[in-house]
Amino acid sequence: MIAAQVRGYLEKASWIRKMFEEGARLKARYGADRVCDFSLGNPDVPPPQEVAEALREILSEDRPEFHAYMPNAGFPFAREAMAEKVSREQGLKVSAEEVVLTCGAAGGLNIIFKALLDPGDEVVFPSPFFVEYGFYVENHQGVPRPVPTREDFSLDLEALEKAIGPKTKAVLLNSPNNPTGRLYPEEDIARLADLLREKSQTLGRPVYLVSDEPYRNLVFDGLKVPSIFKHYEASFVVSSFSKELSLPGERIGFVAVHPEMPEKSEILAALILANRILGFVNAPALAQRIAAKCALSLVEVSIYERRRNLFCQILDEAGLEYIKPEGAFYVFPRTPIDDVEFCKLLQEELILAVPGRGFGAPGHIRLAFCVDEKVIERSREGFIRAVEKARQGG
């Protein structure tokens with residue numbers, strides 16, 4: 001028999017899996033070209049041209065040592081490239097020694113929690129949240145503590161203050177947010193940093209801030225994601241190239257440690273050790289080489305912005321309430337009835353969405369707009385009919 005904890009995980013993680021399975025069933029029955037699948041955040045925008053050029057260059061000079069083991073923190077040249085990227089984005093000089101290459105942002109979060117958490121330590125994060133945060137924390141005997149956001153999905157700093165207690169080891173942020181597309185403004189980051197300094201002083205130890213930033217450069221309307229490093233010293237930045245370069249399957253990301261992190265040397269040593277003993281060993285060698293050559297490149301963000309605008313137009317026409325996404329590629333509308341029941345009505349229209357309760361927010365659905373605009377447009381009448389059915393009692 002499988003472990004009881006894993007059995008519970010299978011239940012908690014079932015919503016996206018159920019939608020995936022339902023999508024496969026609908027596509028087999030009706031044809032993939034008729035199903036509007038908004039369930040998975042799987043980037044479809046082509047990688048920038050620099051990625052193909054980097055691959056050709058790497059293959060043209062391929063040597064056996066290209067595929068050998070490397071230092072557990074990553075190739076030195078790859079760490080240098082990530083340090084330059086983080087320095088530009090955070091507005092603070094970061095060195096290669098303060099960066100660890102990881103197997104995506106997921107690998108990055110896991111090595112941070114492995115390095116920091118003792119059994120029973122708590123990690124606080126705003127809700128709605130990426131569904132796997134709780135699993136990552138519990139992987140390392142920590143306790144996840146989701147805290148509700150405000151109605152517009154902005155940070156509720158008063159609620160966060162109440163949630164941070166003697167067992168809190170870290171606060172985890174994700175901005176732009178999955179599933180809401182919300183971007184936390186600079187004034188909220190500054191206030192949170194002040195709060196964490198006060199809590200750290202009271203506790204006599206740092207309360208760490210972990211910023212999960214895979215969507216940092218997928219922002220709309222000319223907005224900018226504020227720097228975490230500028231505001232708080234006991235902080236980590238985690239990112240990946242899954243979204244910025246449309247390379248989710250290559251599993252390449254990194255952790256950057258604030259240059260003025262308390263006990264920085266010991267923390268970096270712990271991260272590098274965790275990278276090895278968790279079984280990642282290293283981020284993939286080929287992916288490190290691609291990322292190093294393309295660290296400052298970016299997919300065509302305007303494609304996602306056009307899709308967002310089209311989706312919002314359709315949701316307006318259908319009469320669904322939502323907060324307009326400021327980044328990422330998700331919209332998280334409120335449902336007129338129970339979110340699971342509304343997803344069933346959408347399935348009758350061959351539309352796949354994920355119930356918001358899977359992200360800690362019942363009464364909403366997550367719609368991923370990393371699909372062709374034709375698919376979004378094709379869903380228009382289906383959304384209108386589903387909302388009408390919901391308001392008429394099904």
# chains A, B, ... in the order shown; residues from 1 in each chain; ligands from 1

$ closest_atom_pairs --of "segment 18-127 of chain A" --to "segment 200-211 of chain A" --cutoff "12 Å" --atoms "only C-alpha atoms" --output "tab-separated table"
residue	atom	partner	partner_atom	distance
A:Gln90	CA	A:Ser211	CA	11.5
A:Ala105	CA	A:Ser211	CA	10.4
A:Gly108	CA	A:Val210	CA	10.3
A:Leu109	CA	A:Val210	CA	8.3
A:Asn110	CA	A:Val210	CA	11.5
A:Ile111	CA	A:Val210	CA	11.8
A:Ile112	CA	A:Val210	CA	8.5
A:Phe113	CA	A:Val210	CA	9.8
A:Ala115	CA	A:Tyr208	CA	11.9
A:Leu116	CA	A:Tyr208	CA	9.1
A:Leu117	CA	A:Tyr208	CA	10.9
A:Asp121	CA	A:Val207	CA	11.0
A:Glu122	CA	A:Val207	CA	10.3
A:Val123	CA	A:Tyr208	CA	9.3
A:Val124	CA	A:Leu209	CA	9.7
A:Phe125	CA	A:Val210	CA	9.6
A:Pro126	CA	A:Ser211	CA	11.9

$ write_last_selection --atoms "N, CA and C atoms" --output "JSON list (two decimals), in the first residue's frame"
[["chain", "number", "residue", "atom", "x", "y", "z"],
["A", 90, "GLN", "N", 16.90, 42.90, -10.26],
["A", 90, "GLN", "CA", 16.72, 43.29, -8.86],
["A", 90, "GLN", "C", 17.33, 44.65, -8.54],
["A", 105, "ALA", "N", 12.12, 26.12, -11.23],
["A", 105, "ALA", "CA", 11.78, 26.81, -9.99],
["A", 105, "ALA", "C", 11.33, 25.84, -8.92],
["A", 108, "GLY", "N", 14.27, 24.70, -7.23],
["A", 108, "GLY", "CA", 14.77, 25.80, -6.42],
["A", 108, "GLY", "C", 14.04, 25.92, -5.09],
["A", 109, "LEU", "N", 12.71, 25.86, -5.12],
["A", 109, "LEU", "CA", 11.94, 25.96, -3.89],
["A", 109, "LEU", "C", 12.24, 24.79, -2.95],
["A", 110, "ASN", "N", 12.38, 23.61, -3.53],
["A", 110, "ASN", "CA", 12.64, 22.44, -2.69],
["A", 110, "ASN", "C", 14.01, 22.51, -2.02],
["A", 111, "ILE", "N", 15.03, 23.02, -2.70],
["A", 111, "ILE", "CA", 16.33, 23.09, -2.02],
["A", 111, "ILE", "C", 16.32, 24.18, -0.95],
["A", 112, "ILE", "N", 15.56, 25.25, -1.15],
["A", 112, "ILE", "CA", 15.44, 26.28, -0.10],
["A", 112, "ILE", "C", 14.78, 25.69, 1.13],
["A", 113, "PHE", "N", 13.67, 24.99, 0.95],
["A", 113, "PHE", "CA", 12.96, 24.44, 2.11],
["A", 113, "PHE", "C", 13.77, 23.33, 2.78],
["A", 115, "ALA", "N", 16.99, 23.31, 2.94],
["A", 115, "ALA", "CA", 18.05, 24.00, 3.64],
["A", 115, "ALA", "C", 17.57, 24.70, 4.91],
["A", 116, "LEU", "N", 16.33, 25.19, 4.91],
["A", 116, "LEU", "CA", 15.86, 26.06, 5.99],
["A", 116, "LEU", "C", 15.02, 25.37, 7.05],
["A", 117, "LEU", "N", 14.21, 24.40, 6.68],
["A", 117, "LEU", "CA", 13.14, 23.96, 7.57],
["A", 117, "LEU", "C", 13.56, 22.84, 8.52],
["A", 121, "ASP", "N", 8.46, 23.72, 11.35],
["A", 121, "ASP", "CA", 8.59, 25.11, 10.91],
["A", 121, "ASP", "C", 7.51, 25.44, 9.89],
["A", 122, "GLU", "N", 7.02, 26.68, 9.95],
["A", 122, "GLU", "CA", 5.91, 27.08, 9.09],
["A", 122, "GLU", "C", 6.38, 27.97, 7.94],
["A", 123, "VAL", "N", 5.72, 27.80, 6.81],
["A", 123, "VAL", "CA", 5.92, 28.69, 5.65],
["A", 123, "VAL", "C", 4.57, 29.32, 5.34],
["A", 124, "VAL", "N", 4.53, 30.64, 5.40],
["A", 124, "VAL", "CA", 3.31, 31.41, 5.17],
["A", 124, "VAL", "C", 3.29, 31.87, 3.72],
["A", 125, "PHE", "N", 2.13, 31.76, 3.05],
["A", 125, "PHE", "CA", 2.02, 32.26, 1.68],
["A", 125, "PHE", "C", 0.59, 32.71, 1.41],
["A", 126, "PRO", "N", 0.42, 33.72, 0.54],
["A", 126, "PRO", "CA", -0.91, 34.22, 0.22],
["A", 126, "PRO", "C", -1.73, 33.19, -0.56]]

$ select_by_dssp --residues "segment 47-283 of chain A" --states "strand (DSSP E or B)" --output "PyMOL selection string"
chain A and resi 99-102+122-127+143-148+168-174+208-212+219+235-240+253-257

$ write_last_selection --atoms "C-alpha atoms" --output "PDB file, in the first residue's frame"
ATOM      1  CA  VAL A  99      23.461  31.791  -7.533  1.00  0.00           C
ATOM      2  CA  VAL A 100      22.674  28.069  -7.690  1.00  0.00           C
ATOM      3  CA  LEU A 101      21.380  26.464 -10.903  1.00  0.00           C
ATOM      4  CA  THR A 102      18.394  24.162 -10.261  1.00  0.00           C
ATOM      5  CA  GLU A 122       5.909  27.079   9.091  1.00  0.00           C
ATOM      6  CA  VAL A 123       5.916  28.687   5.654  1.00  0.00           C
ATOM      7  CA  VAL A 124       3.309  31.414   5.166  1.00  0.00           C
ATOM      8  CA  PHE A 125       2.020  32.261   1.685  1.00  0.00           C
ATOM      9  CA  PRO A 126      -0.914  34.220   0.219  1.00  0.00           C
ATOM     10  CA  SER A 127      -3.969  32.375  -1.073  1.00  0.00           C
ATOM     11  CA  VAL A 143       3.857  23.207   7.790  1.00  0.00           C
ATOM     12  CA  PRO A 144       2.184  25.245   5.014  1.00  0.00           C
ATOM     13  CA  ARG A 145       0.158  28.241   6.240  1.00  0.00           C
ATOM     14  CA  PRO A 146      -1.930  29.820   3.445  1.00  0.00           C
ATOM     15  CA  VAL A 147      -3.308  33.274   4.267  1.00  0.00           C
ATOM     16  CA  PRO A 148      -6.271  34.763   2.347  1.00  0.00           C
ATOM     17  CA  THR A 168       7.299  30.887  10.994  1.00  0.00           C
ATOM     18  CA  LYS A 169      10.539  30.302   9.109  1.00  0.00           C
ATOM     19  CA  ALA A 170       9.652  31.923   5.780  1.00  0.00           C
ATOM     20  CA  VAL A 171       7.086  33.862   3.785  1.00  0.00           C
ATOM     21  CA  LEU A 172       6.646  32.745   0.167  1.00  0.00           C
ATOM     22  CA  LEU A 173       5.425  35.139  -2.542  1.00  0.00           C
ATOM     23  CA  ASN A 174       4.530  34.522  -6.191  1.00  0.00           C
ATOM     24  CA  TYR A 208      13.064  34.654   5.338  1.00  0.00           C
ATOM     25  CA  LEU A 209      11.299  35.978   2.251  1.00  0.00           C
ATOM     26  CA  VAL A 210      11.200  33.647  -0.760  1.00  0.00           C
ATOM     27  CA  SER A 211      10.104  35.217  -4.047  1.00  0.00           C
ATOM     28  CA  ASP A 212       8.973  32.702  -6.688  1.00  0.00           C
ATOM     29  CA  VAL A 219       3.745  41.377 -17.438  1.00  0.00           C
ATOM     30  CA  SER A 235      15.542  37.005   0.866  1.00  0.00           C
ATOM     31  CA  PHE A 236      15.790  34.516  -1.977  1.00  0.00           C
ATOM     32  CA  VAL A 237      14.727  34.879  -5.601  1.00  0.00           C
ATOM     33  CA  VAL A 238      13.665  31.707  -7.407  1.00  0.00           C
ATOM     34  CA  SER A 239      13.011  31.586 -11.128  1.00  0.00           C
ATOM     35  CA  SER A 240      12.992  29.383 -14.195  1.00  0.00           C
ATOM     36  CA  GLY A 253      15.996  27.462 -13.181  1.00  0.00           C
ATOM     37  CA  PHE A 254      17.994  29.025 -10.376  1.00  0.00           C
ATOM     38  CA  VAL A 255      18.034  30.333  -6.822  1.00  0.00           C
ATOM     39  CA  ALA A 256      19.673  33.679  -6.072  1.00  0.00           C
ATOM     40  CA  VAL A 257      20.603  34.598  -2.505  1.00  0.00           C
TER      41      VAL A 257
END

$ residues_around --residues "Asp338 of chain A" --least-positions-apart "4" --cutoff "10 Å" --atoms "only C-alpha atoms" --output "ChimeraX atom specification"
/A:334,342-343,355-357,362-365,390

$ write_last_selection --atoms "C-alpha atoms" --output "short mmCIF file (atom, residue, chain, number, x, y, z; two decimals), in the first residue's frame"
data_model
loop_
_atom_site.label_atom_id
_atom_site.label_comp_id
_atom_site.auth_asym_id
_atom_site.auth_seq_id
_atom_site.Cartn_x
_atom_site.Cartn_y
_atom_site.Cartn_z
CA ARG A 334 -15.59 34.27 -9.89
CA PHE A 342 -19.72 25.37 -12.99
CA CYS A 343 -16.78 23.41 -14.41
CA PRO A 355 -11.94 24.67 -10.00
CA GLY A 356 -10.55 27.42 -7.81
CA ARG A 357 -10.66 25.23 -4.71
CA PRO A 362 -13.45 28.01 -3.97
CA GLY A 363 -15.94 30.01 -6.01
CA HIS A 364 -13.48 30.72 -8.82
CA ILE A 365 -12.03 28.93 -11.83
CA ALA A 390 -25.90 28.40 -14.08
#

$ residues_around --residues "segment 303-314 of chain A" --least-positions-apart "6" --cutoff "7 Å" --atoms "only C-alpha atoms" --output "list in words"
Phe220, Phe329, Phe369, Glu373, Ile376 and Arg380 of chain A

$ select_by_dssp --residues "segment 291-377 of chain A" --states "alpha helix (DSSP H)" --output "ChimeraX atom specification"
/A:291-294,301-318,339-348,373-377

$ write_last_selection --atoms "C-alpha atoms" --output "JSON list (two decimals), in the first residue's frame"
[["chain", "number", "residue", "atom", "x", "y", "z"],
["A", 291, "ALA", "CA", 20.07, 29.35, -20.38],
["A", 292, "ALA", "CA", 23.52, 30.91, -20.13],
["A", 293, "LYS", "CA", 23.37, 32.01, -23.77],
["A", 294, "CYS", "CA", 19.74, 33.20, -23.59],
["A", 301, "VAL", "CA", 4.91, 38.83, -24.37],
["A", 302, "SER", "CA", 2.49, 40.80, -26.54],
["A", 303, "ILE", "CA", 0.98, 37.48, -27.70],
["A", 304, "TYR", "CA", -0.10, 36.71, -24.15],
["A", 305, "GLU", "CA", -1.34, 40.26, -23.66],
["A", 306, "ARG", "CA", -3.58, 40.01, -26.75],
["A", 307, "ARG", "CA", -4.96, 36.72, -25.49],
["A", 308, "ARG", "CA", -5.66, 38.21, -22.09],
["A", 309, "ASN", "CA", -7.57, 41.07, -23.68],
["A", 310, "LEU", "CA", -9.61, 38.67, -25.83],
["A", 311, "PHE", "CA", -10.42, 36.44, -22.87],
["A", 312, "CYS", "CA", -11.48, 39.41, -20.76],
["A", 313, "GLN", "CA", -13.77, 40.55, -23.57],
["A", 314, "ILE", "CA", -15.41, 37.11, -23.64],
["A", 315, "LEU", "CA", -15.79, 36.99, -19.85],
["A", 316, "ASP", "CA", -17.36, 40.46, -19.92],
["A", 317, "GLU", "CA", -19.82, 39.32, -22.58],
["A", 318, "ALA", "CA", -20.66, 36.22, -20.55],
["A", 339, "ASP", "CA", -16.91, 26.16, -8.88],
["A", 340, "VAL", "CA", -16.96, 22.39, -9.39],
["A", 341, "GLU", "CA", -20.54, 22.48, -10.67],
["A", 342, "PHE", "CA", -19.72, 25.37, -12.99],
["A", 343, "CYS", "CA", -16.78, 23.41, -14.41],
["A", 344, "LYS", "CA", -19.25, 20.62, -15.22],
["A", 345, "LEU", "CA", -21.44, 23.08, -17.11],
["A", 346, "LEU", "CA", -18.40, 24.30, -19.02],
["A", 347, "GLN", "CA", -17.50, 20.71, -19.92],
["A", 348, "GLU", "CA", -20.93, 20.35, -21.50],
["A", 373, "GLU", "CA", -6.42, 32.83, -29.95],
["A", 374, "LYS", "CA", -8.70, 30.72, -32.16],
["A", 375, "VAL", "CA", -9.33, 28.41, -29.20],
["A", 376, "ILE", "CA", -10.18, 31.36, -26.94],
["A", 377, "GLU", "CA", -12.53, 32.81, -29.56]]

$ closest_residue --among "A:Arg251, A:Arg276, A:Lys230, A:Lys243" --to "Pro47 of chain A" --atoms "only C-alpha atoms"
A:Lys243

$ atom_distance --atom1 "atom CA of Glu161 of chain A" --atom2 "atom CA of Gly134 of chain A"
19.8 Å

$ closest_residue --among "A:Pro248, A:Pro325, A:Gly142, A:Gly91" --to "Ile228 of chain A" --atoms "only C-alpha atoms"
A:Gly91

$ decode --residues "segment 32-181 of chain A" --atoms "C-alpha atoms" --output "tab-separated table (two decimals), in the first residue's frame"
chain	number	residue	atom	x	y	z
A	32	ALA	CA	-9.15	17.92	-30.16
A	33	ASP	CA	-10.05	20.76	-32.52
A	34	ARG	CA	-13.48	21.16	-30.86
A	35	VAL	CA	-12.36	21.17	-27.21
A	36	CYS	CA	-11.29	24.45	-25.59
A	37	ASP	CA	-8.71	23.35	-23.04
A	38	PHE	CA	-7.73	26.07	-20.57
A	39	SER	CA	-6.69	23.68	-17.81
A	40	LEU	CA	-2.91	23.54	-18.06
A	41	GLY	CA	-0.31	26.29	-17.84
A	42	ASN	CA	1.82	24.77	-20.58
A	43	PRO	CA	3.44	27.59	-22.62
A	44	ASP	CA	2.74	27.40	-26.35
A	45	VAL	CA	4.37	30.64	-27.53
A	46	PRO	CA	7.51	29.74	-29.50
A	47	PRO	CA	10.88	30.20	-27.76
A	48	PRO	CA	12.76	33.29	-28.90
A	49	GLN	CA	15.05	32.88	-31.89
A	50	GLU	CA	18.09	33.02	-29.63
A	51	VAL	CA	17.21	29.57	-28.27
A	52	ALA	CA	17.44	27.89	-31.69
A	53	GLU	CA	20.67	29.77	-32.38
A	54	ALA	CA	22.12	28.66	-29.05
A	55	LEU	CA	21.20	25.04	-29.75
A	56	ARG	CA	22.84	25.13	-33.15
A	57	GLU	CA	25.96	26.70	-31.69
A	58	ILE	CA	26.17	24.14	-28.88
A	59	LEU	CA	25.71	21.23	-31.27
A	60	SER	CA	28.28	22.58	-33.72
A	61	GLU	CA	31.01	22.53	-31.07
A	62	ASP	CA	29.73	19.54	-29.07
A	63	ARG	CA	32.44	17.83	-27.01
A	64	PRO	CA	32.27	14.96	-24.48
A	65	GLU	CA	32.87	17.29	-21.54
A	66	PHE	CA	29.68	19.17	-22.44
A	67	HIS	CA	27.73	16.26	-20.94
A	68	ALA	CA	29.89	15.57	-17.89
A	69	TYR	CA	29.09	16.27	-14.26
A	70	MET	CA	29.73	19.82	-13.15
A	71	PRO	CA	29.94	21.56	-9.74
A	72	ASN	CA	26.67	21.04	-7.88
A	73	ALA	CA	25.85	24.74	-8.02
A	74	GLY	CA	26.13	24.71	-11.81
A	75	PHE	CA	28.66	25.61	-14.48
A	76	PRO	CA	30.59	28.74	-13.46
A	77	PHE	CA	29.72	30.47	-16.77
A	78	ALA	CA	26.02	29.68	-16.24
A	79	ARG	CA	26.13	31.09	-12.72
A	80	GLU	CA	27.77	34.23	-14.10
A	81	ALA	CA	24.99	34.65	-16.67
A	82	MET	CA	22.26	34.17	-14.03
A	83	ALA	CA	24.01	36.64	-11.73
A	84	GLU	CA	23.98	39.27	-14.49
A	85	LYS	CA	20.28	38.61	-15.11
A	86	VAL	CA	19.35	38.87	-11.43
A	87	SER	CA	21.49	41.98	-10.94
A	88	ARG	CA	19.61	43.73	-13.77
A	89	GLU	CA	16.19	42.63	-12.57
A	90	GLN	CA	16.72	43.29	-8.86
A	91	GLY	CA	18.75	46.49	-9.24
A	92	LEU	CA	21.41	45.12	-6.89
A	93	LYS	CA	24.78	43.58	-7.72
A	94	VAL	CA	24.67	39.79	-7.34
A	95	SER	CA	27.74	37.61	-7.85
A	96	ALA	CA	27.97	34.18	-9.47
A	97	GLU	CA	28.76	32.67	-6.05
A	98	GLU	CA	25.32	33.79	-4.85
A	99	VAL	CA	23.46	31.79	-7.53
A	100	VAL	CA	22.67	28.07	-7.69
A	101	LEU	CA	21.38	26.46	-10.90
A	102	THR	CA	18.39	24.16	-10.26
A	103	CYS	CA	15.93	21.83	-11.96
A	104	GLY	CA	13.38	24.56	-12.59
A	105	ALA	CA	11.78	26.81	-9.99
A	106	ALA	CA	10.28	23.72	-8.35
A	107	GLY	CA	13.77	22.38	-7.71
A	108	GLY	CA	14.77	25.80	-6.42
A	109	LEU	CA	11.94	25.96	-3.89
A	110	ASN	CA	12.64	22.44	-2.69
A	111	ILE	CA	16.33	23.09	-2.02
A	112	ILE	CA	15.44	26.28	-0.10
A	113	PHE	CA	12.96	24.44	2.11
A	114	LYS	CA	15.38	21.54	2.58
A	115	ALA	CA	18.05	24.00	3.64
A	116	LEU	CA	15.86	26.06	5.99
A	117	LEU	CA	13.14	23.96	7.57
A	118	ASP	CA	13.25	21.98	10.78
A	119	PRO	CA	10.25	19.73	11.55
A	120	GLY	CA	7.23	21.88	12.38
A	121	ASP	CA	8.59	25.11	10.91
A	122	GLU	CA	5.91	27.08	9.09
A	123	VAL	CA	5.92	28.69	5.65
A	124	VAL	CA	3.31	31.41	5.17
A	125	PHE	CA	2.02	32.26	1.68
A	126	PRO	CA	-0.91	34.22	0.22
A	127	SER	CA	-3.97	32.37	-1.07
A	128	PRO	CA	-4.89	31.67	-3.90
A	129	PHE	CA	-1.61	29.86	-4.47
A	130	PHE	CA	0.17	27.47	-6.81
A	131	VAL	CA	-1.24	24.10	-5.85
A	132	GLU	CA	2.12	22.41	-5.16
A	133	TYR	CA	3.43	24.89	-2.57
A	134	GLY	CA	1.97	22.86	0.27
A	135	PHE	CA	3.57	19.68	-1.03
A	136	TYR	CA	6.98	21.32	-1.37
A	137	VAL	CA	6.85	22.58	2.23
A	138	GLU	CA	5.68	19.22	3.60
A	139	ASN	CA	8.41	17.44	1.60
A	140	HIS	CA	10.79	18.85	4.21
A	141	GLN	CA	8.62	18.38	7.32
A	142	GLY	CA	7.40	21.96	7.27
A	143	VAL	CA	3.86	23.21	7.79
A	144	PRO	CA	2.18	25.24	5.01
A	145	ARG	CA	0.16	28.24	6.24
A	146	PRO	CA	-1.93	29.82	3.44
A	147	VAL	CA	-3.31	33.27	4.27
A	148	PRO	CA	-6.27	34.76	2.35
A	149	THR	CA	-5.69	37.82	0.19
A	150	ARG	CA	-8.12	40.70	-0.24
A	151	GLU	CA	-11.08	40.60	-2.63
A	152	ASP	CA	-8.90	41.90	-5.45
A	153	PHE	CA	-6.19	39.30	-4.64
A	154	SER	CA	-3.83	41.97	-3.29
A	155	LEU	CA	-1.81	41.21	-0.16
A	156	ASP	CA	-3.67	41.43	3.13
A	157	LEU	CA	-0.76	42.61	5.25
A	158	GLU	CA	-2.80	42.61	8.45
A	159	ALA	CA	-3.69	38.96	7.91
A	160	LEU	CA	-0.06	38.14	7.13
A	161	GLU	CA	1.07	39.88	10.30
A	162	LYS	CA	-1.30	37.76	12.38
A	163	ALA	CA	-0.20	34.57	10.63
A	164	ILE	CA	3.52	35.08	11.31
A	165	GLY	CA	4.35	33.49	14.65
A	166	PRO	CA	7.11	31.75	16.62
A	167	LYS	CA	7.21	28.81	14.19
A	168	THR	CA	7.30	30.89	10.99
A	169	LYS	CA	10.54	30.30	9.11
A	170	ALA	CA	9.65	31.92	5.78
A	171	VAL	CA	7.09	33.86	3.78
A	172	LEU	CA	6.65	32.74	0.17
A	173	LEU	CA	5.43	35.14	-2.54
A	174	ASN	CA	4.53	34.52	-6.19
A	175	SER	CA	4.17	37.66	-8.30
A	176	PRO	CA	2.83	37.77	-10.95
A	177	ASN	CA	0.66	35.18	-9.32
A	178	ASN	CA	-0.52	31.77	-10.44
A	179	PRO	CA	-3.54	31.46	-10.56
A	180	THR	CA	-4.72	35.10	-10.39
A	181	GLY	CA	-2.27	37.03	-12.58
